[in-house]
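For reference, the structure discussed in these notes is given below.
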Amino acid sequence: MRYEAPDTIDQAVQMLAEADGLTRVLAGGTDVIVQLRSGMVEPDLMVDIKRIEAMHAITAEGGGFRVGAAVSGAQLGEHEGVKALWPGVVEAVELIGSTQVQGRATMAGNLCNASPAADSVPALVVAEAVASIVGPEGRRDVPVDEITTGPGKTTLAKGEIVESILLPARPANSGDAYLRFIPRTEMDIAVVGAGISLTLNDDGTCAAARVALGAVAEVVLLVEPAADALIGSRLDEAALDALAAAASAACRPIDDKRGTIEFRTKVAGVLARRAAVIAQTRARG
Amino acid sequence: MLDKPKDAVLDREFKVVGSRPVRPDGVDKVTGRAKFGADVSAPGMLIGKVLRSPHPHARIHSIDIHAALAVPGVKAIVTRDDFAENKKHKDVLCNIMARDKALYEGHAVAAIAATTGAIARKALKLIKIDYDILPHVTDVDEAMADDAPILHDTMITRGVDPAPEKPSNVAQRFDFGHGDVEDGFAKADVIIERSFKTEAAHQGYIEPHACLASVTEDGHGELWCCTQGHYAVRDVCASLLGMEVSKLRVTASEIGGGFGGKTTVFLEPLALMMSRKTGRPIKMVMDRDEVFRASGPTASTSSWVKVGATKDGKITAASAEFRYQGGAFKGSPVQFGAMCAFACYALENVKTVGFDVVTNRPKQAAYRAPGAPMAAFAVESVIEELAIKLGIDPVEFRLKNAAAEGDTSSYGPKFPRIGLVETLEAAKAHEHYSAPLGPNQGRGIGSGYWFNFGGATSVSLNVHPDGTVALVVGTPDIGGSRASMNLMAAEELGIPYDKVNTIVADTASLGFNETSHGSRVTFASGLATIEAARNAKNECCARAAMIWEIEPDAVTWEDGCAKPAGANAGNFEPMTLADIAKIAEKTGGPISGHFEKNPAGAGASFATHMVDVEVDPDTGRVEILRFTVIQDAGKAIHPSYVEGQFQGGAVQGVGWALNEEYIYGADGKMQNPGFLDYRIPVCSDLPMIDTVIVEVPNPGHPYGVRGVGETGIVPPMAAIANAISAAAGVRMTELPMSPPKVLKAIDDANGSA
Amino acid sequence: MSQIHVSTTINGDPVEYLCEPDETLLDVLRDRLGLTGSKEGCGSGDCGACSVTVDGRLVCSCLMLGAEADGKQVGTIEGLAEGENLHPLQRKFLEHAALQCGVCTPGFLVAAKSLLERNSDPTETEVRYWLAGNLCRCTGYDKIVRAVLDTAHDMKGA
């Protein structure tokens with residue numbers, strides 16, 4: 001394996017584009033180094049993007065924030081601006097792994113690792129976050145829900161790197177939340193994850209909502225019927241019941257070492273319901 | 001408070017025993033200086049790696065090592081052909097290197113020594129093995145079925161009369177009990193009968209197995225390894241390699257956790273064999289997934305329990321059947337499970353039957369009170385249910401039936417002085433027992449028993465010329481035992497704690513020492529330390545007598561000094577240990593004390609645990625809110641480390657109860673061989689673990705010590721199941737009680753999906 | 001596969017080494033530099049026994065390549081004590097008997113020091129969540145948490 005740590009994104013793109021064999025981008029490394037060490041992947045080239053200065057920046061942009069691909073979870077969690085605007089996204093990123101993992105793991109890495117159980121992704125999907133991708137053909141902006149296509153699979157072409165993720169501006173009276181179910185209190189992969197973002201009208205009714213579920217299908221699911229159950233309501237019991245039912249109905253999970261189909265399906269509804277209440281509280285300010 | 005029993009040992013005033021000094025090896029362990037198994041290297045060292053079977057059950061036709069051996073940097077390869085048959089250690093040999101069959105996924109089939117680990121890993125892929133894949137079985141009940149794949153075609157069940165004609169996966173049947181259970185059940189007003197299953201748990205020590213071996217051309221070997229018993233490692237390795245025992249010296253490294261799992265050999269014989277072949281030191285370290293797949297977890301089990309009692313709460317009969325699979329070889333701890341199952345109770349009619357079963361899983365190793373926790377999970381669940389059904393307080397119900405001194409145990413012997421009643425009384429008196437609970441919260445109780453063990457022990461105590469002392473023991477320190485040994489030596493000699501320095505010696509320095517297991521170290525090495533100190537004191541008194549020119553028995557040892565025994569003995573200034581040691585050369589030479597024995601009288605330790613949980617009715621998640629451990633320590637030598645054993649045992653029990661399990665796919669392969677999905681408790685999962693040290697002295701130890709290492713893992717699973725039942729109204733009968741199982745039970749009880 | 005030259009700083013001292021591109025920082029510390037205080041319990045970031053700080057951030061050295069340490073400030077357990085003075089956390093771990101086997105202890109100490117540098121007055125819950133990535137199988141965590149809280153208490157009073 002060759003290790004390269006270029007100073008610019010153009011160099012990084014060129015190295016990846018020109019390389020023969022298997023390549024990997026190294027950001028936080030908390031997935032790729034585990035895969036490397038276990039022999040799951042044997043890359044010929046590893047391109048470390050952490051020497052690229054711009055990758056470490058969190059910058060205000062159009063009322064939102066642009067988060068560089070090398071920004072660690074710990075760094076994001078210390079950013080008061082992002083925490084205030086998108087608390088659900090930040091809490092989702094901060095749930096990834098231990099304090100030690102937070103010192104390295106990145107939101108972009110979590111996205112590109114393309115695990116259906118990735119904690120940050122449901123939160124990013126409901127936030128309508130946009131990934132800024134740089135490749136041999138130039139730059140393109142892609143909504144995060146179009147990045148992953150299945151476990152370990154992405155729409156990124158050879159040589160393409162996610163440079164940053166834009167968390168957009170949002171209307172007043174908006175709130176988001178992410179909850180996951182794990183058997184322990186820390187250190188587990190999500191058995192189910194639920195992200196919700198919503199905006200309230202002045203009268204307290206729900207004006208807009210997005211609901212996304214993790215670990216219940218081969219990709220993170222954006223569940224429109226679940227959002228529809230909230231829109232127009234005051235998140236009363238009936239609306240929350242409808243939300244939970246719609247969330248559970250959308251699930252197509254598997255039985256595996258982390259949970260059963262039955263369990264994931266039910267708990268998806270439970271978490272969606274609980275996350276909605278948190279998002280509502282946040283939207284009320 | 002409890003009445004203080006009238007006891008010579010308890011009435012004794014201790015000077016340093018019972019205090020909480022800093023352990024002698026502490027600084028090395030907080031600075032990173034302490035050398036664990038993988039922390040040493042040797043010049044010219046090669047790295048050894050193991051090739052493991054990907055199949056749970058397969059006949060090995062041939063092993064072709066030519067391509068691997070040709071890789072530059074590869075220095076040696078060992079396979080089954082390098083080890084001669086060994087009658088005495090047949091199963092151990094077959095476990096460290098598969099012979100005609102691979103019997104579980106992860107079973108070692110070859111090992112390579114190379115100049116780097118990377119080269120060894122690469123070469124492993126070039127070894128060609130021709131496997132004939134066979135049907136496999138990993139579940140204990142399935143393994144006992146008539147149509148199960150048979151692991152060993154020579155396995156005829158022992159303990160059955162007449163002996164079966166056909167081989168099976170049942171290695172042995174055990175029976176214990178007395179009285180007539182049918183008669184007893186006929187007298188019962190209420191009977192509870194249930195079946196249970198428990199999944200295998202791993203000891204989960206944080207330090208993977210590691211060793212460094214060196215064999216010279218003239219056949220002398222040295223081995224450094226992390227083990228609970230380096231003498232046993234020496235004897236087994238010498239036998240497997242055909243060496244004389246005197247030619248193999250084993251040094252125990254600091255050990256990063258064992259809990260029973262480091263009482264056997266895995267890598268050590270392979271490293272020695274490859275060192276013999278290359279003439280170079282070989283270092284081997286397991287990866288974490290190898291630890292899970294190929295070291296020794298405990299058994300998974302299936303059981304049935306039936307207990308009957310009268311309305312006024314007297315148990316009339318208890319019966320149980322236990323089926324334990326211990327992996328691919330005989331030796332599951334079912335015998336201990338069947339013996340401990342009802343040990344907490346004084347029963348007129350009791351019967352337990354155990355079946356030792358083999359499956360295509362790694363060979364089990366001891367795990368903290370081996371066999372007892374699974375039996376206690378079943379029995380204590382039924383006991384609690386019975387108490388509730390009878391409308392009797394669960395602690396009262398246990399007290400009505402508790403075993404005490406003079407009772408015949410459920411497995412035969414009469415109990416000497418034991419402390420179960422005292423733990424139950426302490427539970428009842430504890431503020432925790434009556435603390436209020438909130439919604440979805442419940443409290444559970446569980447009691448537990450472990451035999452404890454003595455075993456061969458050899459200790460030397462050397463008095464230095466300045467009056468300080470080296471205490472040389474042969475039992476690896478797995479949890480602070482050096483501090484306890486220091487305390488006992490200091491107590492006996494009447495010198496300050498920090499004047500004693502305990503070291504764990506290599507196998508050439510002392511006579512045989514049984515492994516650090518069976519909660520035996522503070523009992524047996526402690527007893528040997530006290531006796532060695534007494535031996536040294538007698539010698540000191542003899543020296544003083546010589547100086548004073550009086551009879552040796554006219555000298556007594558008091559407060560760290562030799563003194564004339566009475567007015568008639570003469571008027572001499574007392575001599576301290578330092579005074580005597582300083583001139584020892586002139587009075588006959590160095591002063592040492594020794595003790596070599598196989599001490600009996602390891603007093604059993606009983607415990608009662610109390611736990612509060614909250615169950616999330618929508619997700620089945622169980623949170624431990626409060627946990628109190630009450631256990632009999634006989635005499636707590638260093639109370640902090642006694643509490644540590646209580647707390648550690650309880651938390652391992654929490655893991656086993658809630659989330660830890662070996663998960664097998666239909667392919668017979670373990671699906672969770674890492675700390676990510678083999679979920680041991682993390683810091684944020686737990687509250688503080690309260691402890692109550694009960695001290696009912698063990699008459700078999702000079703200070704009254706009972707081992708405390710193991711009992712702590714026996715009660716938690718039942719206590720937690722009982723608490724879940726109280727909180728959520730569901731009776732969980734399978735471990736782990738993970739969220740999907742608890743949620744399903746709740747939903748089934750509610751009649752909804 | 002050619003080796004990479006790395007210039008870094010470990011516990012304040014300049015260090016240079018050559019490492020393989022796929023070698024972790026933990027391998028470098030243990031096998032090349034003799035700093036065996038950092039332990040490998042899992043090799044996958046799940047146990048925290050290899051905890052070190054890199055430019056002040058707590059990380060698992062098994063989840064970082066040795067090559068990535070170039071130009072960084074690395075802190076390991078060997079740098080915790082100053083001369084003959086143990087760090088207050090080290091003293092409290094000893095006083096509270098917050099270790100049994102001791103193999104996880106270096107990782108816990110490095111992690112706890114990192115916590116107290118950011119939060120000098122943590123609650124029990126904050127300590128427990130900060131240390132959730134450090135596995136201990138011996139103690140049940142009770143005495144570890146007490147030692148950390150007691151250290152914070154003493155340092156605040158100092």
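By order of appearance in the structure tokens: chains A, B, ..., then residues from 1 within every chain, and ligands from 1 in the order shown.
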
TODO: Within 9 Å of Thr105 in chain C, counting only C-alpha atoms, which residues show up once you throw out same-chain ones fewer than 4 positions away? Write them as a PyMOL selection string, please.
DONE: (chain B and resi 29-32) or (chain C and resi 49+93+98-101+109-110+136)

Just N, CA and C atoms for this one: save the residues we selected as a JSON list (two decimals), in the first residue's frame.
```json
[["chain", "number", "residue", "atom", "x", "y", "z"],
["B", 29, "LYS", "N", 1.94, 0.00, 37.20],
["B", 29, "LYS", "CA", 0.72, -0.17, 36.39],
["B", 29, "LYS", "C", 0.07, 1.16, 36.04],
["B", 30, "VAL", "N", 0.35, 2.21, 36.78],
["B", 30, "VAL", "CA", -0.22, 3.50, 36.38],
["B", 30, "VAL", "C", 0.73, 4.32, 35.51],
["B", 31, "THR", "N", 1.93, 3.82, 35.33],
["B", 31, "THR", "CA", 2.89, 4.55, 34.50],
["B", 31, "THR", "C", 3.12, 3.88, 33.15],
["B", 32, "GLY", "N", 2.54, 2.73, 32.95],
["B", 32, "GLY", "CA", 2.76, 2.01, 31.70],
["B", 32, "GLY", "C", 4.03, 1.18, 31.71],
["C", 49, "ALA", "N", -7.71, 0.83, 25.11],
["C", 49, "ALA", "CA", -6.47, 0.55, 25.85],
["C", 49, "ALA", "C", -5.25, 1.23, 25.20],
["C", 93, "PHE", "N", -5.74, 6.86, 41.31],
["C", 93, "PHE", "CA", -6.02, 5.49, 40.89],
["C", 93, "PHE", "C", -5.42, 4.50, 41.88],
["C", 98, "ALA", "N", -8.23, 1.64, 41.90],
["C", 98, "ALA", "CA", -9.04, 1.73, 40.68],
["C", 98, "ALA", "C", -8.48, 0.85, 39.56],
["C", 99, "LEU", "N", -7.65, -0.10, 39.93],
["C", 99, "LEU", "CA", -7.15, -1.04, 38.93],
["C", 99, "LEU", "C", -7.05, -2.41, 39.58],
["C", 100, "GLN", "N", -7.31, -3.43, 38.80],
["C", 100, "GLN", "CA", -7.05, -4.79, 39.27],
["C", 100, "GLN", "C", -5.92, -5.39, 38.44],
["C", 101, "CYS", "N", -6.21, -5.76, 37.19],
["C", 101, "CYS", "CA", -5.12, -6.31, 36.38],
["C", 101, "CYS", "C", -4.21, -5.21, 35.87],
["C", 109, "LEU", "N", -6.19, 6.37, 32.14],
["C", 109, "LEU", "CA", -5.52, 7.57, 32.66],
["C", 109, "LEU", "C", -5.36, 8.63, 31.58],
["C", 110, "VAL", "N", -4.96, 8.22, 30.39],
["C", 110, "VAL", "CA", -4.81, 9.18, 29.30],
["C", 110, "VAL", "C", -6.17, 9.82, 28.98],
["C", 136, "CYS", "N", -13.06, -1.80, 30.79],
["C", 136, "CYS", "CA", -12.39, -2.45, 31.91],
["C", 136, "CYS", "C", -13.23, -3.66, 32.25]]
```

TODO: Within 12 Å of range 245-247 of chain A, counting only C-alpha atoms, which residues show up once you throw out same-chain ones fewer than 4 positions away? Write them as number ranges by chain, please.
DONE: A: 192-196, 210-214, 216, 221-230, 238-241, 251-252, 264-273, 275-276

- [ ] Just need the residues of chain B within 7 Å of chain C, counting only C-alpha atoms, so spit them out as number ranges by chain.
- [x] B: 22, 26, 29-33, 39, 204-208, 255-257, 287-288, 478-480, 640-641, 644, 647-648, 651, 675-676, 682-684, 688-689

Can you check which residues of chain A have any atom within 12 Å of chain C? Use only C-alpha atoms and format it as a compact mmCIF listing (two decimals) with C-alpha atoms, in the first residue's frame.
```txt
# COMPACT_ATOMS: atom_id res chain seq x y z
CA MET A 1 0.00 0.00 0.00
CA ARG A 2 1.10 3.53 -0.79
CA TYR A 3 0.27 6.36 1.62
CA GLU A 4 -0.01 9.92 0.33
CA ALA A 5 -0.92 13.08 2.18
CA PRO A 6 -1.27 15.85 -0.43
CA LEU A 26 -8.41 8.58 4.60
CA ALA A 27 -10.22 11.17 6.68
CA GLY A 28 -10.83 10.11 10.29
CA GLY A 29 -9.87 6.56 9.43
CA THR A 30 -12.17 5.05 12.04
CA ASP A 31 -13.77 2.78 9.46
CA VAL A 32 -11.09 2.41 6.82
CA ILE A 33 -8.24 1.56 9.20
CA VAL A 34 -10.35 -1.12 10.87
CA GLN A 35 -11.12 -2.55 7.43
CA LEU A 36 -7.46 -2.37 6.47
CA ARG A 37 -6.28 -4.06 9.65
CA SER A 38 -8.80 -6.87 9.44
CA GLY A 39 -7.86 -7.58 5.84
CA VAL A 41 -9.89 -4.23 2.16
CA GLU A 42 -6.37 -4.20 0.78
CA PRO A 43 -5.99 -0.81 -0.88
CA ASP A 44 -3.09 -0.03 -3.16
CA LEU A 45 -3.31 3.66 -2.39
CA MET A 46 -4.52 5.53 0.67
CA VAL A 47 -4.91 9.30 0.24
CA ASP A 48 -4.96 11.18 3.53
CA ILE A 49 -6.93 14.41 3.06
CA LYS A 50 -6.12 15.88 6.44
CA ARG A 51 -3.17 17.93 5.17
CA SER A 72 -13.83 15.60 13.44
CA GLY A 73 -16.92 14.92 15.49
CA ALA A 74 -15.26 16.49 18.50
CA GLN A 75 -14.52 19.66 16.53
CA GLU A 78 -17.50 22.31 19.96
CA GLU A 94 -21.48 12.90 18.34
CA LEU A 95 -23.12 9.50 18.81
CA ILE A 96 -20.59 7.90 16.47
CA GLY A 97 -18.24 5.82 18.61
CA SER A 98 -16.35 6.75 21.74
CA THR A 99 -14.68 9.97 22.81
CA GLN A 100 -11.57 8.56 21.13
CA VAL A 101 -13.42 7.90 17.89
CA GLN A 102 -14.92 11.39 18.08
CA GLY A 103 -11.38 12.76 18.04
CA ARG A 104 -10.98 11.40 14.51
CA ALA A 105 -14.27 10.39 12.91
CA ARG A 184 -25.76 -0.43 25.59
CA THR A 185 -25.48 3.31 26.25
CA GLU A 186 -22.44 3.80 24.03
CA MET A 187 -20.09 2.03 21.63
CA ASP A 188 -22.72 0.18 19.61
CA ILE A 189 -23.81 0.46 16.01
```

DSSP says helix (DSSP H, G or I) for which residues of range 30-111 of chain A? Put them as a JSON list (two decimals) with N, CA and C atoms, in the first residue's frame?
```json
[["chain", "number", "residue", "atom", "x", "y", "z"],
["A", 32, "VAL", "N", -11.98, 2.98, 7.83],
["A", 32, "VAL", "CA", -11.09, 2.41, 6.82],
["A", 32, "VAL", "C", -9.88, 1.72, 7.45],
["A", 33, "ILE", "N", -9.40, 2.22, 8.59],
["A", 33, "ILE", "CA", -8.24, 1.56, 9.20],
["A", 33, "ILE", "C", -8.64, 0.23, 9.84],
["A", 34, "VAL", "N", -9.86, 0.17, 10.36],
["A", 34, "VAL", "CA", -10.35, -1.12, 10.87],
["A", 34, "VAL", "C", -10.45, -2.13, 9.73],
["A", 35, "GLN", "N", -10.99, -1.65, 8.59],
["A", 35, "GLN", "CA", -11.12, -2.55, 7.43],
["A", 35, "GLN", "C", -9.75, -2.99, 6.90],
["A", 36, "LEU", "N", -8.82, -2.07, 6.92],
["A", 36, "LEU", "CA", -7.46, -2.37, 6.47],
["A", 36, "LEU", "C", -6.82, -3.40, 7.38],
["A", 37, "ARG", "N", -6.94, -3.20, 8.68],
["A", 37, "ARG", "CA", -6.28, -4.06, 9.65],
["A", 37, "ARG", "C", -6.89, -5.46, 9.67],
["A", 53, "GLU", "N", -5.81, 22.06, 4.06],
["A", 53, "GLU", "CA", -6.26, 22.96, 5.12],
["A", 53, "GLU", "C", -7.77, 23.22, 5.09],
["A", 54, "ALA", "N", -8.29, 23.44, 3.89],
["A", 54, "ALA", "CA", -9.70, 23.82, 3.76],
["A", 54, "ALA", "C", -10.63, 22.73, 4.30],
["A", 55, "MET", "N", -10.14, 21.53, 4.32],
["A", 55, "MET", "CA", -10.96, 20.39, 4.77],
["A", 55, "MET", "C", -11.27, 20.47, 6.27],
["A", 56, "HIS", "N", -10.51, 21.28, 7.00],
["A", 56, "HIS", "CA", -10.70, 21.36, 8.45],
["A", 56, "HIS", "C", -11.63, 22.49, 8.88],
["A", 73, "GLY", "N", -15.71, 14.80, 14.69],
["A", 73, "GLY", "CA", -16.92, 14.92, 15.49],
["A", 73, "GLY", "C", -16.71, 15.81, 16.69],
["A", 74, "ALA", "N", -15.55, 15.67, 17.32],
["A", 74, "ALA", "CA", -15.26, 16.49, 18.50],
["A", 74, "ALA", "C", -15.23, 17.96, 18.14],
["A", 75, "GLN", "N", -14.62, 18.26, 16.98],
["A", 75, "GLN", "CA", -14.52, 19.66, 16.53],
["A", 75, "GLN", "C", -15.91, 20.21, 16.20],
["A", 76, "LEU", "N", -16.72, 19.41, 15.55],
["A", 76, "LEU", "CA", -18.08, 19.85, 15.21],
["A", 76, "LEU", "C", -18.89, 20.10, 16.48],
["A", 77, "GLY", "N", -18.72, 19.21, 17.45],
["A", 77, "GLY", "CA", -19.46, 19.32, 18.70],
["A", 77, "GLY", "C", -19.09, 20.54, 19.52],
["A", 80, "GLU", "N", -20.42, 26.20, 18.42],
["A", 80, "GLU", "CA", -21.70, 26.65, 18.98],
["A", 80, "GLU", "C", -22.70, 26.99, 17.87],
["A", 81, "GLY", "N", -22.22, 27.55, 16.76],
["A", 81, "GLY", "CA", -23.11, 27.96, 15.68],
["A", 81, "GLY", "C", -23.85, 26.77, 15.08],
["A", 82, "VAL", "N", -23.11, 25.72, 14.74],
["A", 82, "VAL", "CA", -23.74, 24.54, 14.14],
["A", 82, "VAL", "C", -24.68, 23.88, 15.14],
["A", 83, "LYS", "N", -24.22, 23.81, 16.39],
["A", 83, "LYS", "CA", -25.05, 23.18, 17.43],
["A", 83, "LYS", "C", -26.39, 23.90, 17.58],
["A", 84, "ALA", "N", -26.34, 25.23, 17.46],
["A", 84, "ALA", "CA", -27.57, 26.00, 17.63],
["A", 84, "ALA", "C", -28.50, 25.82, 16.44],
["A", 85, "LEU", "N", -27.91, 25.74, 15.25],
["A", 85, "LEU", "CA", -28.74, 25.67, 14.05],
["A", 85, "LEU", "C", -29.26, 24.25, 13.78],
["A", 87, "PRO", "N", -29.00, 21.12, 15.86],
["A", 87, "PRO", "CA", -28.61, 20.29, 17.02],
["A", 87, "PRO", "C", -28.77, 18.79, 16.77],
["A", 88, "GLY", "N", -29.76, 18.43, 15.96],
["A", 88, "GLY", "CA", -29.97, 17.00, 15.67],
["A", 88, "GLY", "C", -28.81, 16.41, 14.88],
["A", 89, "VAL", "N", -28.29, 17.20, 13.95],
["A", 89, "VAL", "CA", -27.14, 16.72, 13.15],
["A", 89, "VAL", "C", -25.93, 16.55, 14.07],
["A", 90, "VAL", "N", -25.70, 17.54, 14.92],
["A", 90, "VAL", "CA", -24.52, 17.48, 15.78],
["A", 90, "VAL", "C", -24.65, 16.30, 16.75],
["A", 91, "GLU", "N", -25.84, 16.11, 17.31],
["A", 91, "GLU", "CA", -25.96, 14.98, 18.26],
["A", 91, "GLU", "C", -25.83, 13.65, 17.54],
["A", 92, "ALA", "N", -26.25, 13.60, 16.30],
["A", 92, "ALA", "CA", -26.09, 12.35, 15.53],
["A", 92, "ALA", "C", -24.61, 12.07, 15.30],
["A", 93, "VAL", "N", -23.87, 13.10, 14.90],
["A", 93, "VAL", "CA", -22.43, 12.91, 14.66],
["A", 93, "VAL", "C", -21.74, 12.53, 15.97],
["A", 94, "GLU", "N", -22.14, 13.17, 17.05],
["A", 94, "GLU", "CA", -21.48, 12.90, 18.34],
["A", 94, "GLU", "C", -21.79, 11.51, 18.89],
["A", 99, "THR", "N", -15.40, 8.70, 22.79],
["A", 99, "THR", "CA", -14.68, 9.97, 22.81],
["A", 99, "THR", "C", -13.45, 9.87, 21.89],
["A", 100, "GLN", "N", -12.76, 8.75, 21.96],
["A", 100, "GLN", "CA", -11.57, 8.56, 21.13],
["A", 100, "GLN", "C", -11.92, 8.60, 19.64],
["A", 101, "VAL", "N", -12.99, 7.93, 19.30],
["A", 101, "VAL", "CA", -13.42, 7.90, 17.89],
["A", 101, "VAL", "C", -13.86, 9.30, 17.47],
["A", 102, "GLN", "N", -14.51, 10.02, 18.37],
["A", 102, "GLN", "CA", -14.92, 11.39, 18.08],
["A", 102, "GLN", "C", -13.73, 12.29, 17.76],
["A", 107, "MET", "N", -18.00, 13.53, 9.69],
["A", 107, "MET", "CA", -19.34, 13.40, 9.14],
["A", 107, "MET", "C", -19.28, 12.91, 7.68],
["A", 108, "ALA", "N", -18.33, 13.45, 6.93],
["A", 108, "ALA", "CA", -18.21, 13.04, 5.52],
["A", 108, "ALA", "C", -17.80, 11.58, 5.43],
["A", 109, "GLY", "N", -16.91, 11.17, 6.33],
["A", 109, "GLY", "CA", -16.49, 9.77, 6.34],
["A", 109, "GLY", "C", -17.63, 8.85, 6.68],
["A", 110, "ASN", "N", -18.44, 9.26, 7.64],
["A", 110, "ASN", "CA", -19.61, 8.48, 8.04],
["A", 110, "ASN", "C", -20.56, 8.31, 6.86],
["A", 111, "LEU", "N", -20.69, 9.39, 6.07],
["A", 111, "LEU", "CA", -21.54, 9.34, 4.88],
["A", 111, "LEU", "C", -20.94, 8.41, 3.82]]
```

Task: For CA of Glu237 in chain A and CA of Leu179 in chain A, the interatomic separation in Å (one decimal) - done: 19.1 Å

TODO: Pick out the chain B residues within 7 Å of chain A. Count only C-alpha atoms. Give them as a list in words.
DONE: Asp618, Thr619, Arg621, Ile663, Gln671, Leu676, Ser684, Asp685, Pro739 and Pro740 of chain B

TODO: Name the residues in contact with Leu437 in chain B at a cut-off of 12 Å, using only C-alpha atoms, excluding same-chain residues fewer than 4 positions from it; report them as a PyMOL selection string.
DONE: chain B and resi 432-433+441-444+611-614+625-626+723+726-727

Task: Secondary structure check, strand (DSSP E or B) residues of range 18-154 of chain C, as number ranges by chain - done: C: 18-19, 24, 51-54, 57-60, 65, 73-75, 82, 85

- [ ] Extract, using only C-alpha atoms, all DNA, RNA and protein residues at most 8 Å from range 75-89 of chain B, discarding same-chain residues fewer than 2 positions from it, and format them as an MDAnalysis selection string.
- [x] chainID B and resid 65 69 73 91:93 97:99 109:115 236 239:241 270 273:274 277:278

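Nearest residue to Ala728 in chain B, choosing from B:Ala252, B:Leu743, B:Ala108, B:Ala213 and counting only C-alpha atoms: B:Leu743.
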
- [ ] Work out how far CA of Asp202 in chain A is from CA of Leu235 in chain A, in Å to one decimal.
- [x] 14.3 Å

Open item on the list: Can you tell me which residues surround Ser605 in chain B at a distance of at most 10 Å, considering only C-alpha atoms, apart from same-chain residues fewer than 3 positions away, and format the answer as a PyMOL selection string?
Closed with: chain B and resi 418-420+448-452+519+602+631-634+694+696+698+705-712

Open item on the list: I want to know what sits within 10 Å of Ile133 in chain A, based on only C-alpha atoms, with residues of the same chain fewer than 4 positions away left out; could you give that as number ranges by chain?
Closed with: A: 138-142, 156-157, 160-165
